Each structure stands twice: as structure tokens, then as C-alpha cells.
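Peer 1: Sharing run.cif here; it has mmCIF, C-alpha atoms.
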```cif
data_upload
#
loop_
_atom_site.label_atom_id
_atom_site.label_comp_id
_atom_site.auth_asym_id
_atom_site.auth_seq_id
_atom_site.Cartn_x
_atom_site.Cartn_y
_atom_site.Cartn_z
CA MET A 20 1.73 -163.15 40.57
CA LYS A 21 -0.79 -160.36 40.11
CA THR A 22 -0.23 -157.87 37.33
CA ARG A 23 -1.27 -154.28 36.75
CA ILE A 24 -1.41 -152.27 33.54
CA ILE A 25 0.84 -149.35 32.60
CA ASP A 26 -1.96 -146.93 31.79
CA ARG A 27 -0.79 -145.30 28.59
CA SER A 28 0.98 -148.23 26.94
CA GLY A 29 -1.52 -150.86 28.05
CA THR A 30 1.35 -153.17 28.96
CA PRO A 31 0.99 -155.63 31.87
CA ILE A 32 3.60 -155.55 34.63
CA THR A 33 3.94 -157.77 37.69
CA GLU A 34 3.27 -156.11 41.04
CA LEU A 35 6.73 -157.11 42.23
CA GLY A 36 9.80 -156.22 40.19
CA PHE A 37 13.38 -157.51 40.18
CA GLY A 38 15.80 -154.66 40.88
CA ALA A 39 19.05 -155.60 39.13
CA ALA A 40 21.45 -153.23 40.92
CA GLY A 41 22.49 -156.16 43.12
CA ILE A 42 23.67 -158.27 40.22
CA GLY A 43 25.75 -155.25 39.21
CA ASN A 44 27.64 -155.80 42.49
CA LEU A 45 26.00 -153.07 44.56
CA PHE A 46 27.89 -152.96 47.89
CA ARG A 47 29.14 -156.55 47.45
CA SER A 48 30.40 -158.79 44.70
CA VAL A 49 28.30 -161.61 43.25
CA THR A 50 29.45 -164.08 40.63
CA ASN A 51 28.00 -164.59 37.17
CA VAL A 52 26.58 -167.90 38.37
CA GLU A 53 24.88 -166.24 41.36
CA ALA A 54 23.46 -163.51 39.13
CA GLN A 55 22.05 -166.08 36.71
CA ALA A 56 20.53 -168.05 39.58
CA ALA A 57 18.90 -164.93 41.03
CA VAL A 58 17.23 -164.03 37.74
CA ASN A 59 16.10 -167.62 37.17
CA GLY A 60 14.79 -167.81 40.71
CA ALA A 61 12.75 -164.65 40.24
CA TRP A 62 11.33 -166.02 36.99
CA GLU A 63 10.35 -169.28 38.67
CA GLN A 64 8.52 -167.30 41.37
CA GLY A 65 6.45 -165.54 38.72
CA LEU A 66 8.27 -162.21 38.48
CA ARG A 67 8.23 -160.87 34.96
CA TYR A 68 9.41 -157.29 35.55
CA PHE A 69 13.17 -156.67 35.51
CA ASP A 70 14.76 -153.24 36.01
CA THR A 71 18.38 -152.29 35.38
CA ALA A 72 20.56 -149.32 34.38
CA PRO A 73 23.98 -148.57 32.84
CA HIS A 74 25.03 -147.09 36.19
CA TYR A 75 24.73 -150.46 37.95
CA GLY A 76 28.24 -151.80 37.85
CA ALA A 77 29.08 -149.59 34.85
CA GLY A 78 27.21 -151.88 32.49
CA LEU A 79 27.77 -155.11 34.43
CA SER A 80 24.13 -155.41 35.53
CA GLU A 81 22.77 -154.96 32.01
CA ARG A 82 25.18 -157.56 30.58
CA ARG A 83 24.35 -160.11 33.26
CA LEU A 84 20.61 -159.49 33.06
CA GLY A 85 20.62 -159.71 29.28
CA LEU A 86 22.44 -163.03 29.37
CA ALA A 87 20.13 -164.44 32.05
CA LEU A 88 17.00 -163.42 30.13
CA HIS A 89 18.33 -164.44 26.73
CA GLU A 90 16.33 -167.66 26.48
CA LYS A 91 13.21 -166.32 28.20
CA PRO A 92 10.21 -165.43 25.95
CA ARG A 93 10.59 -161.71 25.23
CA ASP A 94 6.85 -161.12 25.02
CA GLU A 95 6.37 -162.51 28.54
CA LEU A 96 8.72 -160.12 30.32
CA PHE A 97 8.64 -156.41 31.09
CA LEU A 98 12.05 -154.75 30.87
CA SER A 99 13.12 -151.28 31.97
CA THR A 100 16.47 -149.55 31.82
CA LYS A 101 17.71 -146.01 32.09
CA VAL A 102 19.44 -143.24 30.19
CA GLY A 103 21.33 -140.13 31.25
CA ARG A 104 24.73 -141.75 31.63
CA VAL A 105 26.99 -142.74 28.74
CA LEU A 106 29.77 -145.22 29.43
CA HIS A 107 33.29 -144.68 28.04
CA PRO A 108 36.19 -147.15 28.36
CA LEU A 109 38.66 -146.21 31.09
CA GLU A 110 42.05 -145.03 30.00
CA LYS A 111 44.98 -147.35 30.60
CA ASN A 112 45.81 -147.73 34.32
CA ALA A 113 42.93 -145.45 35.35
CA PRO A 114 41.25 -146.53 38.62
CA LEU A 115 37.82 -148.12 38.52
CA GLU A 116 34.86 -145.80 39.22
CA GLU A 117 33.00 -148.16 41.50
CA ALA A 118 30.47 -145.64 42.91
CA GLY A 119 29.24 -148.19 45.42
CA PHE A 120 29.54 -151.15 43.02
CA VAL A 121 32.27 -153.60 43.98
CA GLY A 122 34.40 -154.62 41.02
CA ALA A 123 32.52 -152.48 38.50
CA ALA A 124 33.24 -152.90 34.79
CA PRO A 125 36.12 -150.76 33.40
CA PHE A 126 34.03 -147.86 32.13
CA LYS A 127 33.75 -144.21 33.09
CA ARG A 128 30.25 -142.85 33.62
CA HIS A 129 29.45 -139.51 31.97
CA TYR A 130 26.17 -137.68 32.56
CA ASP A 131 24.50 -136.72 29.29
CA TYR A 132 20.81 -135.84 29.09
CA SER A 133 21.02 -134.36 25.58
CA TYR A 134 19.33 -135.77 22.49
CA ASP A 135 22.55 -137.40 21.29
CA GLY A 136 23.41 -138.66 24.76
CA ILE A 137 20.03 -140.31 25.20
CA MET A 138 20.23 -141.98 21.79
CA ARG A 139 23.78 -143.22 22.43
CA ALA A 140 22.91 -144.58 25.88
CA PHE A 141 19.78 -146.30 24.57
CA GLU A 142 21.62 -148.05 21.72
CA ASP A 143 24.42 -149.14 24.06
CA SER A 144 21.87 -150.59 26.50
CA LEU A 145 20.17 -152.55 23.72
CA GLN A 146 23.49 -154.16 22.88
CA ARG A 147 24.40 -154.99 26.49
CA LEU A 148 20.92 -156.43 27.10
CA GLY A 149 20.74 -158.21 23.75
CA VAL A 150 17.25 -156.94 22.91
CA THR A 151 15.65 -154.77 20.22
CA ARG A 152 13.19 -152.84 22.35
CA ILE A 153 12.60 -151.64 25.91
CA ASP A 154 9.24 -151.58 27.69
CA MET A 155 10.06 -148.61 29.93
CA LEU A 156 12.90 -146.11 29.43
CA LEU A 157 13.72 -143.75 32.28
CA MET A 158 16.00 -140.72 32.63
CA HIS A 159 18.16 -141.70 35.57
CA ASP A 160 19.07 -139.66 38.67
CA LEU A 161 17.85 -136.30 37.40
CA ASP A 162 17.38 -135.14 40.98
CA VAL A 163 18.85 -132.98 43.73
CA PHE A 164 20.04 -136.05 45.64
CA THR A 165 22.42 -136.95 42.79
CA GLN A 166 23.05 -133.69 40.92
CA GLY A 167 22.91 -131.01 43.62
CA ASP A 168 23.41 -127.51 42.24
CA LYS A 169 23.84 -128.87 38.71
CA LEU A 170 20.22 -130.02 38.54
CA PRO A 171 18.60 -126.84 37.08
CA GLU A 172 20.85 -126.85 34.00
CA LEU A 173 20.68 -130.62 33.54
CA PHE A 174 16.90 -130.52 33.94
CA ARG A 175 16.66 -127.83 31.24
CA ILE A 176 18.73 -129.95 28.84
CA ALA A 177 16.72 -133.07 29.65
CA MET A 178 13.36 -131.43 29.07
CA ASN A 179 14.37 -129.50 25.94
CA SER A 180 16.65 -132.03 24.26
CA GLY A 181 16.61 -135.43 25.94
CA PHE A 182 12.83 -135.67 26.00
CA ARG A 183 12.75 -135.21 22.22
CA ALA A 184 14.94 -138.30 21.82
CA MET A 185 12.80 -140.35 24.19
CA SER A 186 9.62 -139.21 22.46
CA GLU A 187 11.01 -140.27 19.09
CA LEU A 188 11.94 -143.69 20.45
CA ARG A 189 8.41 -144.06 21.79
CA ASP A 190 6.88 -142.96 18.47
CA GLN A 191 9.06 -145.51 16.65
CA GLY A 192 7.89 -148.31 18.93
CA LEU A 193 11.39 -148.95 20.28
CA VAL A 194 10.14 -148.13 23.77
CA LYS A 195 6.59 -148.39 25.06
CA ALA A 196 6.71 -145.90 27.94
CA ILE A 197 9.06 -143.09 28.94
CA GLY A 198 9.70 -141.24 32.18
CA LEU A 199 12.18 -140.52 34.96
CA GLY A 200 13.89 -142.80 37.48
CA VAL A 201 14.75 -140.59 40.46
CA ASN A 202 15.05 -140.33 44.24
CA GLU A 203 12.61 -137.40 44.60
CA TRP A 204 9.00 -137.21 43.46
CA GLN A 205 9.15 -133.41 43.26
CA VAL A 206 11.23 -133.47 40.08
CA CYS A 207 8.60 -135.74 38.52
CA ASP A 208 5.94 -133.17 39.35
CA ALA A 209 8.05 -130.48 37.67
CA ALA A 210 8.70 -132.72 34.64
CA LEU A 211 4.96 -133.20 34.06
CA ASP A 212 4.68 -129.44 33.54
CA GLN A 213 7.35 -129.64 30.83
CA ALA A 214 6.82 -132.85 28.88
CA ASP A 215 4.42 -135.70 28.11
CA PHE A 216 5.77 -138.54 30.25
CA ASP A 217 4.01 -141.87 30.79
CA CYS A 218 5.56 -143.07 34.03
CA PHE A 219 7.97 -142.38 36.87
CA MET A 220 10.10 -144.64 39.03
CA VAL A 221 10.54 -143.11 42.47
CA ALA A 222 13.10 -144.60 44.85
CA ASN A 223 13.11 -144.25 48.65
CA CYS A 224 10.26 -141.70 48.65
CA PHE A 225 7.16 -143.94 48.53
CA THR A 226 7.68 -145.75 51.82
CA LEU A 227 6.29 -146.03 55.32
CA LEU A 228 8.95 -143.52 56.37
CA GLU A 229 8.79 -141.16 53.39
CA ASN A 230 5.30 -140.78 51.93
CA GLU A 231 4.75 -137.10 51.28
CA ILE A 232 4.23 -138.17 47.67
CA THR A 233 0.72 -139.26 48.61
CA GLN A 234 -0.31 -135.76 49.66
CA HIS A 235 -1.16 -134.71 46.11
CA PHE A 236 1.17 -136.24 43.52
CA THR A 237 -0.48 -139.67 43.49
CA GLY A 238 -3.77 -137.90 42.76
CA THR A 239 -2.16 -135.98 39.92
CA CYS A 240 -0.80 -139.21 38.43
CA ARG A 241 -4.15 -140.92 38.66
CA GLN A 242 -5.95 -138.01 37.00
CA ARG A 243 -3.42 -137.83 34.16
CA GLU A 244 -3.05 -141.61 33.75
CA VAL A 245 0.64 -141.50 34.68
CA SER A 246 1.95 -144.74 36.18
CA LEU A 247 4.31 -144.96 39.16
CA ILE A 248 6.88 -147.61 40.03
CA ALA A 249 7.88 -147.59 43.71
CA ALA A 250 11.52 -148.65 44.10
CA ALA A 251 13.49 -149.21 47.31
CA PRO A 252 10.43 -149.71 49.58
CA PHE A 253 12.74 -150.51 52.50
CA ASN A 254 14.43 -147.07 52.34
CA SER A 255 17.74 -148.82 51.53
CA GLY A 256 17.32 -151.48 54.22
CA ILE A 257 16.04 -150.06 57.51
CA LEU A 258 12.45 -151.21 56.89
CA ALA A 259 13.61 -154.73 56.05
CA LYS A 260 16.08 -155.26 58.91
CA GLY A 261 14.17 -153.24 61.49
CA SER A 262 15.36 -150.99 64.30
CA ALA A 263 17.82 -153.54 65.66
CA GLY A 264 19.27 -154.58 62.32
CA ALA A 265 21.49 -151.61 61.48
CA GLY A 266 19.90 -151.26 58.06
CA HIS A 267 20.82 -148.38 55.78
CA TYR A 268 18.58 -145.37 55.24
CA PHE A 269 18.98 -143.51 51.93
CA TYR A 270 22.21 -145.49 51.29
CA ASP A 271 23.73 -144.31 54.58
CA THR A 272 23.63 -145.01 58.32
CA ALA A 273 20.14 -144.51 59.73
CA PRO A 274 19.95 -141.46 62.06
CA GLY A 275 18.47 -141.75 65.52
CA ALA A 276 15.20 -140.02 64.64
CA VAL A 277 14.58 -142.53 61.84
CA ILE A 278 15.32 -145.48 64.11
CA GLU A 279 12.85 -144.12 66.68
CA ARG A 280 10.15 -143.89 64.01
CA VAL A 281 10.88 -147.44 62.90
CA ILE A 282 10.47 -148.58 66.51
CA GLU A 283 7.04 -146.95 66.60
CA LEU A 284 6.07 -148.65 63.33
CA GLU A 285 7.24 -151.97 64.75
CA LYS A 286 4.89 -151.51 67.71
CA VAL A 287 1.89 -151.18 65.39
CA CYS A 288 3.07 -154.15 63.36
CA SER A 289 3.39 -156.24 66.51
CA GLU A 290 -0.09 -155.24 67.61
CA TYR A 291 -1.59 -156.49 64.32
CA GLN A 292 0.92 -159.34 63.80
CA VAL A 293 2.20 -157.93 60.52
CA PRO A 294 5.89 -158.19 59.56
CA LEU A 295 7.27 -154.70 58.99
CA PRO A 296 8.86 -155.65 55.63
CA ALA A 297 5.51 -157.02 54.41
CA ALA A 298 3.85 -153.71 55.22
CA ALA A 299 6.68 -151.83 53.50
CA ILE A 300 6.26 -153.81 50.27
CA GLN A 301 2.48 -153.66 50.20
CA PHE A 302 2.01 -150.01 51.20
CA PRO A 303 2.64 -148.43 47.76
CA LEU A 304 0.33 -150.97 46.12
CA LEU A 305 -2.60 -149.45 48.03
CA TYR A 306 -2.51 -146.73 45.37
CA PRO A 307 -3.99 -147.55 41.94
CA CYS A 308 -1.42 -145.38 40.14
CA VAL A 309 1.39 -147.57 41.52
CA LYS A 310 1.92 -150.48 39.14
CA SER A 311 4.87 -152.30 40.69
CA VAL A 312 7.25 -152.32 43.65
CA VAL A 313 10.91 -152.91 42.72
CA ILE A 314 13.22 -154.61 45.20
CA GLY A 315 16.87 -155.54 44.93
CA MET A 316 17.33 -159.31 44.80
CA THR A 317 20.58 -161.25 44.61
CA SER A 318 19.72 -164.72 45.89
CA GLU A 319 16.93 -167.27 45.63
CA ALA A 320 16.41 -167.16 49.41
CA ARG A 321 15.90 -163.40 49.36
CA ILE A 322 13.52 -163.68 46.43
CA ARG A 323 11.41 -166.25 48.28
CA GLN A 324 11.41 -164.05 51.39
CA ASN A 325 10.26 -161.03 49.38
CA MET A 326 7.51 -163.13 47.83
CA ASP A 327 6.33 -164.25 51.28
CA TRP A 328 6.17 -160.63 52.43
CA TYR A 329 4.37 -159.59 49.25
CA GLU A 330 1.76 -162.33 49.76
CA TYR A 331 1.34 -161.85 53.52
CA PRO A 332 -2.34 -161.11 54.37
CA ILE A 333 -2.76 -157.63 55.85
CA SER A 334 -6.12 -156.37 57.05
CA MET A 335 -7.47 -152.90 56.35
CA ASP A 336 -7.63 -152.41 60.13
CA PHE A 337 -3.82 -152.34 60.18
CA TRP A 338 -3.63 -149.69 57.48
CA GLN A 339 -6.30 -147.65 59.23
CA ALA A 340 -4.27 -147.81 62.43
CA LEU A 341 -1.30 -146.32 60.59
CA VAL A 342 -3.57 -143.58 59.24
CA ASP A 343 -5.05 -142.87 62.67
CA ARG A 344 -1.57 -142.56 64.18
CA GLU A 345 -0.48 -140.34 61.27
CA TYR A 346 2.29 -142.59 59.95
CA ILE A 347 0.60 -142.55 56.54
CA ARG A 348 -2.06 -140.31 54.99
CA PRO A 349 -5.62 -141.43 54.27
CA PHE A 350 -5.58 -143.41 51.02
CA PRO A 351 -8.12 -143.41 48.19
CA LYS A 352 -11.36 -145.25 48.92
CA ALA A 353 -10.94 -147.04 45.59
CA CYS A 354 -8.01 -148.92 47.11
#
```
Take the structure I supplied and represent it as C-alpha cells, if you would.

Peer 2:
Amino acid sequence: MKTRIIDRSGTPITELGFGAAGIGNLFRSVTNVEAQAAVNGAWEQGLRYFDTAPHYGAGLSERRLGLALHEKPRDELFLSTKVGRVLHPLEKNAPLEEAGFVGAAPFKRHYDYSYDGIMRAFEDSLQRLGVTRIDMLLMHDLDVFTQGDKLPELFRIAMNSGFRAMSELRDQGLVKAIGLGVNEWQVCDAALDQADFDCFMVANCFTLLENEITQHFTGTCRQREVSLIAAAPFNSGILAKGSAGAGHYFYDTAPGAVIERVIELEKVCSEYQVPLPAAAIQFPLLYPCVKSVVIGMTSEARIRQNMDWYEYPISMDFWQALVDREYIRPFPKAC
């Protein structure tokens, strides 16, 4: 698999990344055996980038991923996890906080973007993963989508206190790159005015349906040597299953206007004989500042399918047709 380089750290990363929310039981339960098989299958297909977070199954994803990667050569893989949530054991008889994860581990999630919270979350993640360093550490869900009206105060704490912790971890060599992992690129733009971040993971907002990010922010990242990771290229499912597949959009039922736009995209894809999911995966990689596309994977069959879409040959005529019909903006000539 092709690799790209995280600009500031100089670290190679595969163009396709394994999103480990699924092995944390996102929306459905998978067994330990299935989780292990998914990670091994991704490794066999050449994937070397694995992304997880404490939020995914309340620590379940990190524990499973750490176990699956335990015997893999550490220097050959690129590992990212997230901070901003600290996990506390549930009190006796307290209900599980599943938050979309079926059968989550018995821990309560607590948002904490302070210096101490970041350090605590980082150390806990190291233990769950069974590693001594992280290649990319991201402040998780510091966005309007997750935090709503609480965002301004949490953002202030994160930039004034949490960033100091992340910067120290980077200076100590315990992490190679630091940034945010969020659902909105706008908060990344604001964060660059406040702190010296290396990278951002943006979910659901670097897609064929949502690509306002390319209007100016990709140019900013390229100029400042800030790397982007594009997560959730299918917008939670609709761009993988198509207009007739009842796929989710932003973790919810796709509205009629979105389905109509997907139908129009499918017409262009049919004209050029390009599978819509292949276009969805490859679109962010047209931009040099994008280093990897992260997709949720929970089975060997799905991994192989994603690989086929990633490798599917797509002509520049197809991309130009999308530009001409204003589904995407003109992309850099260097692409």
C-alpha cells in the first residue's frame, strides 16, 4: 500500500487507515475473535495505520487493538488515539453508558481537556494499548456537533491548558504529532490561530457530500505543513450503500435532500463506470495535505472490499466531471 509522510514528524503513514470504532462494538457487537481477525486481516492487506480512542466502547477498542497488535513490529505501524475523555469505573449497579457502542466496557466517560485530564487520559491509553508511545495524539470531539453550547469554554481550556500537556508529550518524544480529532473543520481552523498543532483528523466533512473544507482550509494546511486525516469518507454509510441502501448520514437517517444528491452522484459514477464508494475513498487523497483516509472495518470481507475500492482506477476525466457539475471544487494542479 502507498504511504504518505506526516509533514512535521516525517513519519510514514499508509493512505488507508483502520478505524477501530467497530471493534469497540459501534452499533453492533463483535467478539474478541472477530476483532483480532479484523486487525490481522488489515495487516495482511498492507494497512499499517490504526486509529482508536477511549470513547470507542469505553476503552474496549483500545484493549482489543492493543492485544491484536501486541506481536506486530512496533516500528512498522502508525498508531493514533485520542484524549479529552477520562474513563472512571461505574458505580455498583449503575447502567452502562453505551453511547452507540453495544455492550461497552463498565466505565463512565468524563470530558476533561485540562492539562491533568490530558495526561491522565494519555497514560491510561498507553496501558490499554500496551505501548510506550503514540504516533499521533488527538483531542477528541472538541466540536459543536458533540459539545454544543459548552464548546467555547471547553475550547478555551483545551487551548490554554490541554495543549500544554500535548506539547510536553511531543517534546518528550512520547508522541510524534498532536492535533484534534473532530467532526468540523472550522474548529481546526480556529485552533491553528491558538496553538502549534501538527495534524487534524476530520470526520464526515471531507467527503463528496461535505467538502467545504477544500474552499480554503486545505490550502492553509498545505502552506503551514499541517497534515490532515480524512475519517468517515462515506458520511457514516450513505456513500458506501448508495441511495437505495438506507445508509446513515452523520450517524442518523439520511434526509431526502441528501439522498437526492447521492442519486445525482451515482449518475456521474455510472457514466464513467466508477463505483461510488471508490470515489468516496479516493476523493480526499487528491489533496497533498491529506495523508490517510480512515474507514471503520470489522471483518476481513469488508477490509478486502475497501482495498478494492481504494485501488480502483479512476480517470481525471471523472473528477473533472464532478468539478464541472459543481459537486466538488477545483482541486490543486499538483494533485

Peer 1: To one decimal place in Å, what is the distance between atom CA of Gln213 of chain A and atom CA of Ser144 of chain A?

Peer 2: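 Straight-line distance from atom CA of Gln213 of chain A to atom CA of Ser144 of chain A works out to 25.9 Å.
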
Peer 1: Give me, please, the distance in Å between atom CA of Gln64 of chain A and atom CA of Glu319 of chain A, quoted to one decimal.

Peer 2: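 So the two atoms, atom CA of Gln64 of chain A and atom CA of Glu319 of chain A, lie 9.4 Å apart.
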
Peer 1: One decimal, in Å: what's the spacing between atom CA of Glu229 of chain A and atom CA of His159 of chain A?

Peer 2: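 Separating atom CA of Glu229 of chain A from atom CA of His159 of chain A is a distance of 20.1 Å.
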
Peer 1: Write out as a ChimeraX atom specification the residues lying within 7 Å of Lys195 of chain A, counting all atoms listed in the file and excluding same-chain residues fewer than 6 positions away.

Peer 2: /A:28,153-155,189

Peer 1: Around (3.5, -156.5, 39.4), as given in the file, which residues come within 6 Å? Count all atoms listed in the file and list them as a list in words.

Peer 2: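 Residues close enough to count: Lys21, Thr22, Arg23, Ile32, Thr33, Glu34, Leu35 and Ser311 of chain A.
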
Peer 1: Using only C-alpha atoms, which protein or nucleic acid residues come within 10 Å of Glu117 of chain A? Drop anything in the same chain fewer than 2 positions from it, and give the result as a ChimeraX atom specification.

Peer 2: /A:44-46,74-77,114-115,119-128

Peer 1: Can you tell me, as a PyMOL selection string, what residues are no more than 10 Å from Cys288 of chain A when counting only C-alpha atoms, ignoring any on the same chain fewer than 4 positions away?

Peer 2: chain A and resi 282-284+292-298+337-338+340-341

Peer 1: (13.5, -163.5, 39.3) in this file's frame - what residues fall within 10 Å of it? Use all atoms listed in the file and give the answer as number ranges by chain.

Peer 2: A: 35-39, 54-69, 87-88, 316-319, 322-323
